[in-house]
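Student: Before I ask anything, here is the structure I am working with.
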Amino acid sequence: MSNDIAESIGSTQLLAMYQRMVLARRFEETVNDLYMQGRIPSTLHLAIGQEASAVGVLSGLKAGDTVFSTHRPHAHAIAHGVSPDAMMAELMAKATGTCKGKGGSMHIGDFRLGFVPAIAIVGGNIPIAAGAALAAKLKGSDAVTVCFFGDGAANEGAWHEGLNLAAIWDLPVVFVCENNQYAASTPFREAFRIPAIADRAAAYGMPGVTVDGNDVLAVYAAAGAAIARARRGAGPTLLELLTYRLCGHSRSDPRTYRTREEEAEWQQRDPIPAFAANLVSHRFATEEQLAEIDAEVETILVQAIAYAEQSPGPALADVVYGLYA
Amino acid sequence: MPELSIAEALREALREELHRDPRVFLLGEDIGVPGGFGGAFTVTLGLAEEFGRDRVRDTPISEAGIAGVAIGAAICGMRPVADVQYSDFLFNMMDQLVNQAAKLRYMSGGTLTVPMVMRAPVGATARGAQHAQSPEAFFTHVPGLKVVAPATAYDAKGLLKAAIRDDNPVLVFEHKLLYGSKGARSEKGAVSPRGEVPADDYIVPIGQGIVRRPGTDVTIVASLLMLYRALQAAEELAADGIDVEVIDPRTLVPLDTALILRSVQKTGRLVIVEEDNLTNGWGAEVAALMADDAFVWLDAPIKRVAAPDTPPPFAPILEQAYVPSVTRIVDTVRSIL
Ligand SMILES: Cc1ncc(C[n+]2csc(CCOP(=O)(O)OP(=O)(O)O)c2C)c(N)n1
Ligand SMILES: [Mg+2]
C-alpha cells in the first residue's frame, strides 16, 4: 500500500472506504443468500472481488458528478452511497425500491445522487456517458462523468463511437474498464489481440492507464488523476483496472470455463483483507475499529432486509405509469 | 405572412428554439461545417454561423454515438436535437433509441426524463434500398417514443418546436420530396409545398391530426408525401362526384384516433396510405383500431395502400411502381364504393 496516498486520504476517509467495500461485499453475499432462498426474483450479477475498483474510483467524486454502471451495478451503487434500504427493496421488487420496482438488479440507481439507473446493454452506456459529459461542458459546470464497463464492452461498436466522441470534444469523462478477465465465459485472451485494453486509448488520442484494480489506493490515485484531468477540462481518460470476480457471472454459473487454481490465486488477492491488513499495519486503523465497522455493516443489512420485506409491492395499475414524462 | 418551404420552416423552428432556450443544441453529421451543406437537406444551413459550432455541433459518422450523446445530454438537463442524414441510419442507433431512450425513464421508476429530438428524412428518391426507407412504423411499436411526421411548412415549424419542448424522446420524420431543398441539394420529382408560416412563436401540439380536405363518402388517412397523393386522388375522384375526406395524422404516436373515428363514423369507409412496406405498418394499427372502434359504422372493408414487402428498388420505373401512386389510391377507393 502506498503510504503517501493513504496519508493524503487520511484515516477518516480510509475507514469510510473500508466500510463501503465491506458493505458492498456483505450486501452481495446477503442478496445471494436471499436469492438462493427464493426471496429475490430474477438473476443477479455479483461483483464479489471487484469492490476495490468501485470504491477506489467513486471515493474521488464530488456532488454533481454523474456515474454510469452496468449489468453488475451493486458494488458501484453502494460505493456511491445509494441507500442499501432502497437497493434491497428494488431487488425484492418493492414499490420503495430505487426504481419503484421497475428496474431490478440490472438497473439499480438513484439519479438524485447522479447515479444513472444502470444500463445493462453491454457497451450501451458509453456514448450516453459522453453525452452527460457534453451536457456538463455546454453548461460550463465542472461536473465529471464516470462510466464503468467490463472488458467485454470494449468490443462493442458503441464503445468505439463513444470514446472517439469524448476524445474529439475533450469531454470531462473517465471511462473505467473493470477488466475481470472474462466476459461471461469468454476469456480476455480469446477476445483481444492486444495485451491491455488501455492500449486502445491511443487510437482515440486519450491517455490509457492500467492499474491493479484490487489495490483500492492505487485505484483511488489513478482515478483521482483522471477525474482531476477531466475536471480541469483536459479531456477523457481510459482507465483499466485489472481485477477478478470471485464468483460466477450470474446465477447458476458452474465456472467450468476457468480453473480452481486460477480462482485460488485471485482469492489470495482479495482486495478487502489486503486493505484491512494494510490499514492496521500502517496504523490508520485498529483491529477493533475495523471489527466495529464490520458489525455496523451487519446492522445496516438487517435493517435493509427488514425495510424491503415490510415494503409494499408496486400497485398493479402502476405497470402503465411512468413511461412518458 | 411569409411563405416558406418545409426546410426553411424547420430552420426557423431550430433558430427560434436555439434563441429561446440555452439548453437546446443541435448535433449531427455535416450540419455546421463551414462551407458545408447544412445537413443532408440544407435544414441547418447558416445556423452554425449564427449560434457557433458548440451549439451546432458536427459529429463524425457515428450514429450510435450521436443518439447516445443526445440521450446522455438530455438526461443531464440539455435539449438536444439530432440530425440523422437518412432515416435508414436510425437502424444504426436502434439500441440507443429502443433500449435506452425509450426505456430509461420507465425503468428508473420515473426519476429521469429524456427530452431529445431525432430529425430523420424518409422517402424513396432514386437512391436505392438503403437511402429510401420510410421506417416510421418501427418506432410506433416502441413504447416511450413519440413519432411525428409534418407534411406542411406550418406543421414543420410548429411540430418541431413542440418536439423540442416535449420532455420525451420524439422522432420527427421529414420527407425528402417535401423539403423544397434548393441548389445542389434539390430533389428530382419533389413536391416541395410552400406554405404560410407565422414569423412568431407557435406550436402544433403533438397528438393532433387534421382534416386536410373535408368529404362525406370515404376517409383517407395519409401522411407526408402520401398525403399529397391522397389529395390528388381526392381531386380526381371529385370529378366523378366521389367526396373524399383526407386526414393527415401529423403525429403517429400518440395517434389522434378520435379524429379518425369521427371521420369514419361519417363516411363509413376507410383507406390508409403508407409509403412503407405493407406488413405491420402503422396503417395496420389504424385499421385494427377502426375495426374495433368503428365496426358498426363501417360499410366496406378497410383498405391499405402501401409499398410491397420488398426493399425499395433503384430503377426509377420500379420505384414508381413501388411507391403508392395516385392511380392506386383512386382504384382502391373505387373498389370499396
Ligand atoms: C449488447 C449485449 N450483449 C450481450 C449481453 C449479455 N451479457 C450480459 S453480461 C455479458 C458479459 C459482459 O462481460 P464484461 O463486459 O466483461 O462485464 P462483466 O460481466 O465481466 O462484468 C454478456 C455477454 C448484454 N447484456 N448486452
Ligand atoms: Mg468482464
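By convention in this document, the chains of the C-alpha cells carry letters A, B, ... by their order, each chain's residues are numbered from 1, and ligands are numbered from 1 in the order they are shown.
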Write out as a short mmCIF file (atom, residue, chain, number, x, y, z; two decimals) with C-alpha atoms, in the first residue's frame all residues of region 110-200 of chain B that backbone DSSP assigns to strand (DSSP E or B).

Tutor:
data_model
loop_
_atom_site.label_atom_id
_atom_site.label_comp_id
_atom_site.auth_asym_id
_atom_site.auth_seq_id
_atom_site.Cartn_x
_atom_site.Cartn_y
_atom_site.Cartn_z
CA VAL B 117 -35.40 15.04 -30.73
CA MET B 118 -34.19 12.99 -33.69
CA ARG B 119 -34.93 14.52 -37.10
CA ALA B 120 -34.87 11.95 -39.89
CA PRO B 121 -35.66 12.20 -43.64
CA VAL B 122 -37.72 9.41 -45.21
CA LYS B 146 -43.23 9.81 -29.72
CA VAL B 147 -43.41 9.94 -33.52
CA VAL B 148 -44.39 12.93 -35.62
CA VAL B 170 -39.52 12.49 -30.14
CA LEU B 171 -38.70 11.27 -33.64
CA VAL B 172 -39.53 13.83 -36.30
CA PHE B 173 -39.86 12.24 -39.73
CA GLU B 174 -39.47 14.59 -42.66
CA HIS B 175 -39.88 13.72 -46.35
CA GLY B 195 -46.97 27.48 -47.11
CA GLU B 196 -47.70 30.42 -44.89
#

Student: Ligand 1: which residues are within 9 Å, counting only C-alpha atoms and all ligand atoms? Reply as a PyMOL selection string.

Tutor: (chain A and resi 45-47+70-73+119-124+149-156+177-188+244-245+249-250) or (chain B and resi 95)

Student: If you count only C-alpha atoms, which residues fall within 10 Å of Glu8 (chain B), apart from same-chain ones fewer than 4 positions away, as a PDB file with N, CA, C and O atoms, in the first residue's frame?

Tutor:
ATOM      1  N   GLU B   3     -44.243  33.044 -46.942  1.00  0.00           N
ATOM      2  CA  GLU B   3     -44.382  31.671 -47.447  1.00  0.00           C
ATOM      3  C   GLU B   3     -43.022  30.992 -47.359  1.00  0.00           C
ATOM      4  O   GLU B   3     -42.027  31.524 -47.852  1.00  0.00           O
ATOM      5  N   LEU B   4     -42.993  29.823 -46.757  1.00  0.00           N
ATOM      6  CA  LEU B   4     -41.719  29.121 -46.597  1.00  0.00           C
ATOM      7  C   LEU B   4     -41.829  27.699 -47.131  1.00  0.00           C
ATOM      8  O   LEU B   4     -42.905  27.114 -47.168  1.00  0.00           O
ATOM      9  N   GLU B  12     -36.310  27.708 -39.314  1.00  0.00           N
ATOM     10  CA  GLU B  12     -36.819  28.788 -38.470  1.00  0.00           C
ATOM     11  C   GLU B  12     -37.158  28.268 -37.064  1.00  0.00           C
ATOM     12  O   GLU B  12     -36.881  28.928 -36.068  1.00  0.00           O
ATOM     13  N   ALA B  13     -37.734  27.072 -37.027  1.00  0.00           N
ATOM     14  CA  ALA B  13     -38.040  26.483 -35.717  1.00  0.00           C
ATOM     15  C   ALA B  13     -36.760  26.281 -34.910  1.00  0.00           C
ATOM     16  O   ALA B  13     -36.689  26.625 -33.726  1.00  0.00           O
ATOM     17  N   LEU B  14     -35.741  25.741 -35.553  1.00  0.00           N
ATOM     18  CA  LEU B  14     -34.476  25.497 -34.853  1.00  0.00           C
ATOM     19  C   LEU B  14     -33.874  26.818 -34.381  1.00  0.00           C
ATOM     20  O   LEU B  14     -33.423  26.943 -33.239  1.00  0.00           O
ATOM     21  N   THR B  42     -30.093  20.701 -46.222  1.00  0.00           N
ATOM     22  CA  THR B  42     -29.925  22.158 -46.043  1.00  0.00           C
ATOM     23  C   THR B  42     -30.680  22.760 -44.856  1.00  0.00           C
ATOM     24  O   THR B  42     -30.693  23.981 -44.694  1.00  0.00           O
ATOM     25  N   VAL B  43     -31.269  21.916 -44.033  1.00  0.00           N
ATOM     26  CA  VAL B  43     -32.116  22.467 -42.964  1.00  0.00           C
ATOM     27  C   VAL B  43     -31.314  23.337 -41.994  1.00  0.00           C
ATOM     28  O   VAL B  43     -31.802  24.363 -41.521  1.00  0.00           O
ATOM     29  N   THR B  44     -30.073  22.951 -41.697  1.00  0.00           N
ATOM     30  CA  THR B  44     -29.316  23.692 -40.673  1.00  0.00           C
ATOM     31  C   THR B  44     -28.386  24.751 -41.274  1.00  0.00           C
ATOM     32  O   THR B  44     -27.553  25.316 -40.559  1.00  0.00           O
ATOM     33  N   LEU B  45     -28.573  25.029 -42.541  1.00  0.00           N
ATOM     34  CA  LEU B  45     -27.701  25.990 -43.230  1.00  0.00           C
ATOM     35  C   LEU B  45     -27.693  27.339 -42.501  1.00  0.00           C
ATOM     36  O   LEU B  45     -28.743  27.896 -42.203  1.00  0.00           O
ATOM     37  N   ALA B 153     -45.362  23.212 -44.271  1.00  0.00           N
ATOM     38  CA  ALA B 153     -44.383  24.114 -43.666  1.00  0.00           C
ATOM     39  C   ALA B 153     -44.873  24.597 -42.296  1.00  0.00           C
ATOM     40  O   ALA B 153     -44.104  24.667 -41.331  1.00  0.00           O
ATOM     41  N   ALA B 156     -44.395  21.815 -39.936  1.00  0.00           N
ATOM     42  CA  ALA B 156     -42.977  21.520 -39.730  1.00  0.00           C
ATOM     43  C   ALA B 156     -42.423  22.410 -38.631  1.00  0.00           C
ATOM     44  O   ALA B 156     -41.751  21.944 -37.706  1.00  0.00           O
ATOM     45  N   LYS B 157     -42.732  23.699 -38.710  1.00  0.00           N
ATOM     46  CA  LYS B 157     -42.232  24.603 -37.674  1.00  0.00           C
ATOM     47  C   LYS B 157     -42.901  24.301 -36.329  1.00  0.00           C
ATOM     48  O   LYS B 157     -42.236  24.167 -35.310  1.00  0.00           O
ATOM     49  N   TYR B 179     -39.151  18.759 -48.685  1.00  0.00           N
ATOM     50  CA  TYR B 179     -38.316  19.809 -48.087  1.00  0.00           C
ATOM     51  C   TYR B 179     -38.324  21.119 -48.868  1.00  0.00           C
ATOM     52  O   TYR B 179     -38.306  22.198 -48.296  1.00  0.00           O
ATOM     53  N   GLY B 180     -38.251  20.986 -50.206  1.00  0.00           N
ATOM     54  CA  GLY B 180     -38.011  22.188 -51.003  1.00  0.00           C
ATOM     55  C   GLY B 180     -36.554  22.612 -50.924  1.00  0.00           C
ATOM     56  O   GLY B 180     -36.241  23.804 -51.031  1.00  0.00           O
ATOM     57  N   SER B 181     -35.653  21.647 -50.714  1.00  0.00           N
ATOM     58  CA  SER B 181     -34.218  21.978 -50.673  1.00  0.00           C
ATOM     59  C   SER B 181     -33.807  22.530 -52.026  1.00  0.00           C
ATOM     60  O   SER B 181     -34.286  22.093 -53.067  1.00  0.00           O
ATOM     61  N   ARG B 194     -44.921  24.900 -50.435  1.00  0.00           N
ATOM     62  CA  ARG B 194     -44.619  26.095 -49.650  1.00  0.00           C
ATOM     63  C   ARG B 194     -45.907  26.494 -48.949  1.00  0.00           C
ATOM     64  O   ARG B 194     -47.001  26.192 -49.416  1.00  0.00           O
ATOM     65  N   VAL B 197     -46.248  30.597 -43.002  1.00  0.00           N
ATOM     66  CA  VAL B 197     -45.703  30.232 -41.694  1.00  0.00           C
ATOM     67  C   VAL B 197     -45.576  31.503 -40.868  1.00  0.00           C
ATOM     68  O   VAL B 197     -44.834  32.407 -41.250  1.00  0.00           O
TER      69      VAL B 197
END

Student: What residues in chain A have any atom no more than 8 Å from chain B when counting only C-alpha atoms, and can you write them as a ChimeraX atom specification?

Tutor: /A:98-103,107-112,117,119,121,124-136,138,158,161-162,165,321-325

Student: Which residues, written as a PDB file with C-alpha atoms, in the first residue's frame, have at least one atom at most 6 Å from Ala79 (chain A), with only C-alpha atoms counted and residues fewer than 3 positions away on the same chain left out?

Tutor:
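Written output follows (out_27.pdb):
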ATOM      1  CA  ARG A  20     -18.111   0.841   1.655  1.00  0.00           C
ATOM      2  CA  ALA A  54     -15.877   0.561  -7.315  1.00  0.00           C
ATOM      3  CA  VAL A  55     -14.807   2.229  -4.072  1.00  0.00           C
ATOM      4  CA  ALA A  75     -20.926  -2.517  -5.733  1.00  0.00           C
ATOM      5  CA  HIS A  76     -20.881   0.698  -7.757  1.00  0.00           C
TER       6      HIS A  76
END

Student: Report as a list of chain:residue names all protein, DNA and RNA residues lying within 8 Å of Ala294 (chain B), evaluated on only C-alpha atoms, omitting residues in the same chain fewer than 4 positions from it.

Tutor: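 Returned residues: B:Leu261, B:Val264, B:Gln265, B:Leu289, B:Met290, B:Leu298.
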
Student: Go through region 165-337 of chain B and collect every residue that DSSP, computed from the backbone, puts in alpha helix (DSSP H); the answer should be as number ranges by chain.

Tutor: B: 165, 224-239, 257-267, 282-293, 316-322, 326-335

Student: Can you list, as a PyMOL selection string, every protein, DNA or RNA residue that comes within 10 Å of Val216 (chain A) when you count only C-alpha atoms, leaving out same-chain residues fewer than 5 positions away?

Tutor: chain A and resi 1+14+17-18+21+50-57+59+221-222+271-272+274-275

Student: For Ala166 (chain A), work out the shell of residues within 8 Å, counting only C-alpha atoms and skipping chain neighbours fewer than 5 positions away, then give it as a list of chain:residue names.

Tutor: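 What passes the distance filter is A:Ala130, A:Leu171, A:Pro172, A:Val173, A:Gly235, A:Pro236.
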
Student: Just how far from CA of Ala24 (chain A) is CA of Ile48 (chain A), in Å to one decimal?

Tutor: 8.1 Å

Student: So, with only C-alpha atoms and all ligand atoms as the atoms that count, which of A:Thr243, A:Ser281, A:Ser252, A:Gln267 lies closest to ligand 2?

Tutor: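 That would be A:Thr243, the residue with the smallest distance to ligand 2.
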
Student: So, counting only C-alpha atoms, which residue among A:Val320, A:Val146, A:Leu61, A:Ala306 is closest to Leu238 (chain A)?

Tutor: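 Once distances to Leu238 (chain A) are computed over only C-alpha atoms, the minimum belongs to A:Val146.
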
Student: So, with only C-alpha atoms as the atoms that count, which of B:Leu18, B:Ala306, B:Ile220, B:Val98 lies closest to Val333 (chain B)?

Tutor: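 Under the stated criterion, the closest residue is B:Ile220.
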